[in-house]
Amino acid sequence: MKFHIDKKISKIEMKFHIDKKISKIEMKFLILGDRKEGTGMKLLIHTCCAPCSVYCIDSLRKEEIEPTVYWYNPNIHPYIEYKTRRDTLREYTKSIGIEAVFHEEYGLDEFCKNVVCDLQNRCVNYCYRVRLEDTAKYAKENGYDTISTTLLVSPYQKHEFIHELGDKIAKEYGLKFLYRDFRVGFREGQAKARELGLYMQKYCGCVFSEEERYNNHIKKDLENMKKQ
């Protein structure tokens, strides 16, 4: 008995008994059903902000995966920015009825100590790692079996690195890392966030990314000053 399995369906473990009377259509339905990872999954998803969470949560729920949102972002500065993003996420999660955990740690001093020697690589050396490790630690201690992150939605982040790091950290804690290329829904999520009136940040998070946001303005301003 031969079955055609759609090439888009990969790494499927067929753990069910195959009855010869099952049609090809029914067979494909069963395989697709097995592909849903939501069954029994306890997912803790690190969340950087409300706008980035919109598409991630929506798409996971379509897969019948109900995540718990986890806020831990000591890399966001200054404090008013940190508070605004945190409070926006808190209100949004309440409005959509999703569980959320907030680990409070505003860490400007600690952040600067850890990145000052290599500012260009601060994201890969510190920002991604410290947040994913904290997420994994909380997940392990509180009965979750899977972690992920909304950082995977942004086309401006180092996507492949985050995927690899997530896999590595999850394994170190005996967890699974749920990978999705959420980037396909980035614009859709941002548009919905604007419609909902969510606070839309203008830079990644840390004081150095805030400076980079104004780089062109700074250069032009200095050039104008020299001309005067």
# chains A, B, ... in the order shown; residues from 1 in each chain; ligands from 1
>>> residues_around(residues="A:Pro155", least_positions_apart="3", cutoff="12 Å", atoms="only C-alpha atoms", output="ChimeraX atom specification")
/A:52,150-152,158-160,162,181-187,204
>>> atom_distance(atom1="atom CA of A:Phe161", atom2="atom CA of A:Arg180")
13.4 Å
>>> residues_around(residues="stretch 130-142 of chain A", least_positions_apart="5", cutoff="7 Å", atoms="only C-alpha atoms", output="JSON, numbers by chain")
{"A": [44, 46, 72, 73, 147, 166, 169, 170, 173]}
>>> select_by_dssp(residues="stretch 100-161 of chain A", states="strand (DSSP E or B)", output="ChimeraX atom specification")
/A:100-102,146-149
>>> write_last_selection(atoms="N, CA, C and O atoms", output="mmCIF file, in the first residue's frame")
data_model
loop_
_atom_site.group_PDB
_atom_site.id
_atom_site.type_symbol
_atom_site.label_atom_id
_atom_site.label_comp_id
_atom_site.auth_asym_id
_atom_site.auth_seq_id
_atom_site.Cartn_x
_atom_site.Cartn_y
_atom_site.Cartn_z
ATOM 1 N N ALA A 100 -0.034 35.775 30.926
ATOM 2 C CA ALA A 100 1.229 36.491 30.765
ATOM 3 C C ALA A 100 1.994 36.522 32.083
ATOM 4 O O ALA A 100 1.406 36.676 33.158
ATOM 5 N N VAL A 101 3.304 36.364 31.979
ATOM 6 C CA VAL A 101 4.189 36.411 33.138
ATOM 7 C C VAL A 101 5.164 37.566 32.921
ATOM 8 O O VAL A 101 5.761 37.679 31.847
ATOM 9 N N PHE A 102 5.329 38.404 33.914
ATOM 10 C CA PHE A 102 6.226 39.553 33.807
ATOM 11 C C PHE A 102 7.368 39.433 34.813
ATOM 12 O O PHE A 102 7.147 39.523 36.011
ATOM 13 N N THR A 146 8.222 23.745 26.299
ATOM 14 C CA THR A 146 8.631 24.363 25.039
ATOM 15 C C THR A 146 8.780 25.870 25.209
ATOM 16 O O THR A 146 8.000 26.492 25.933
ATOM 17 N N ILE A 147 9.773 26.441 24.529
ATOM 18 C CA ILE A 147 9.937 27.900 24.531
ATOM 19 C C ILE A 147 10.015 28.415 23.091
ATOM 20 O O ILE A 147 10.282 27.658 22.157
ATOM 21 N N SER A 148 9.776 29.691 22.956
ATOM 22 C CA SER A 148 9.940 30.354 21.657
ATOM 23 C C SER A 148 10.114 31.834 21.926
ATOM 24 O O SER A 148 10.228 32.263 23.083
ATOM 25 N N THR A 149 10.127 32.659 20.882
ATOM 26 C CA THR A 149 10.291 34.101 21.066
ATOM 27 C C THR A 149 9.656 34.890 19.930
ATOM 28 O O THR A 149 9.675 34.465 18.770
#
>>> residues_around(residues="A:Glu104", least_positions_apart="4", cutoff="12 Å", atoms="only C-alpha atoms", output="number ranges by chain")
A: 70-76, 79, 82-83, 86-87, 134
>>> write_last_selection(atoms="N, CA and C atoms", output="PDB file, in the first residue's frame")
ATOM      1  N   TYR A  70       5.801  35.708  28.007  1.00  0.00           N
ATOM      2  CA  TYR A  70       6.809  35.924  29.056  1.00  0.00           C
ATOM      3  C   TYR A  70       7.598  37.200  28.776  1.00  0.00           C
ATOM      4  N   TRP A  71       7.441  38.161  29.665  1.00  0.00           N
ATOM      5  CA  TRP A  71       8.156  39.444  29.529  1.00  0.00           C
ATOM      6  C   TRP A  71       9.434  39.423  30.348  1.00  0.00           C
ATOM      7  N   TYR A  72      10.558  39.540  29.678  1.00  0.00           N
ATOM      8  CA  TYR A  72      11.844  39.727  30.346  1.00  0.00           C
ATOM      9  C   TYR A  72      12.748  40.442  29.352  1.00  0.00           C
ATOM     10  N   ASN A  73      12.917  41.745  29.549  1.00  0.00           N
ATOM     11  CA  ASN A  73      13.658  42.564  28.587  1.00  0.00           C
ATOM     12  C   ASN A  73      14.486  43.644  29.281  1.00  0.00           C
ATOM     13  N   PRO A  74      15.540  43.240  29.993  1.00  0.00           N
ATOM     14  CA  PRO A  74      16.381  44.217  30.702  1.00  0.00           C
ATOM     15  C   PRO A  74      17.233  45.056  29.753  1.00  0.00           C
ATOM     16  N   ASN A  75      17.123  44.785  28.472  1.00  0.00           N
ATOM     17  CA  ASN A  75      17.893  45.523  27.471  1.00  0.00           C
ATOM     18  C   ASN A  75      17.141  46.745  26.953  1.00  0.00           C
ATOM     19  N   ILE A  76      15.948  46.992  27.449  1.00  0.00           N
ATOM     20  CA  ILE A  76      15.154  48.128  26.960  1.00  0.00           C
ATOM     21  C   ILE A  76      15.371  49.344  27.856  1.00  0.00           C
ATOM     22  N   TYR A  79      14.025  54.021  31.231  1.00  0.00           N
ATOM     23  CA  TYR A  79      12.972  53.359  31.999  1.00  0.00           C
ATOM     24  C   TYR A  79      11.574  53.689  31.490  1.00  0.00           C
ATOM     25  N   TYR A  82      10.893  51.358  28.744  1.00  0.00           N
ATOM     26  CA  TYR A  82      10.697  50.017  29.301  1.00  0.00           C
ATOM     27  C   TYR A  82       9.279  49.891  29.870  1.00  0.00           C
ATOM     28  N   LYS A  83       8.881  50.848  30.670  1.00  0.00           N
ATOM     29  CA  LYS A  83       7.567  50.833  31.322  1.00  0.00           C
ATOM     30  C   LYS A  83       6.429  50.903  30.302  1.00  0.00           C
ATOM     31  N   ARG A  86       6.158  47.540  28.492  1.00  0.00           N
ATOM     32  CA  ARG A  86       5.646  46.530  29.420  1.00  0.00           C
ATOM     33  C   ARG A  86       4.156  46.723  29.676  1.00  0.00           C
ATOM     34  N   ASP A  87       3.751  47.949  29.963  1.00  0.00           N
ATOM     35  CA  ASP A  87       2.353  48.216  30.278  1.00  0.00           C
ATOM     36  C   ASP A  87       1.446  47.990  29.075  1.00  0.00           C
ATOM     37  N   ASP A 134      16.819  33.263  30.352  1.00  0.00           N
ATOM     38  CA  ASP A 134      15.885  33.521  31.445  1.00  0.00           C
ATOM     39  C   ASP A 134      14.527  32.874  31.157  1.00  0.00           C
TER      40      ASP A 134
END
>>> select_by_dssp(residues="stretch 75-225 of chain A", states="helix (DSSP H, G or I)", output="PyMOL selection string")
chain A and resi 79-95+108-115+119-141+150-153+159-172+182-196+207-213+215-225
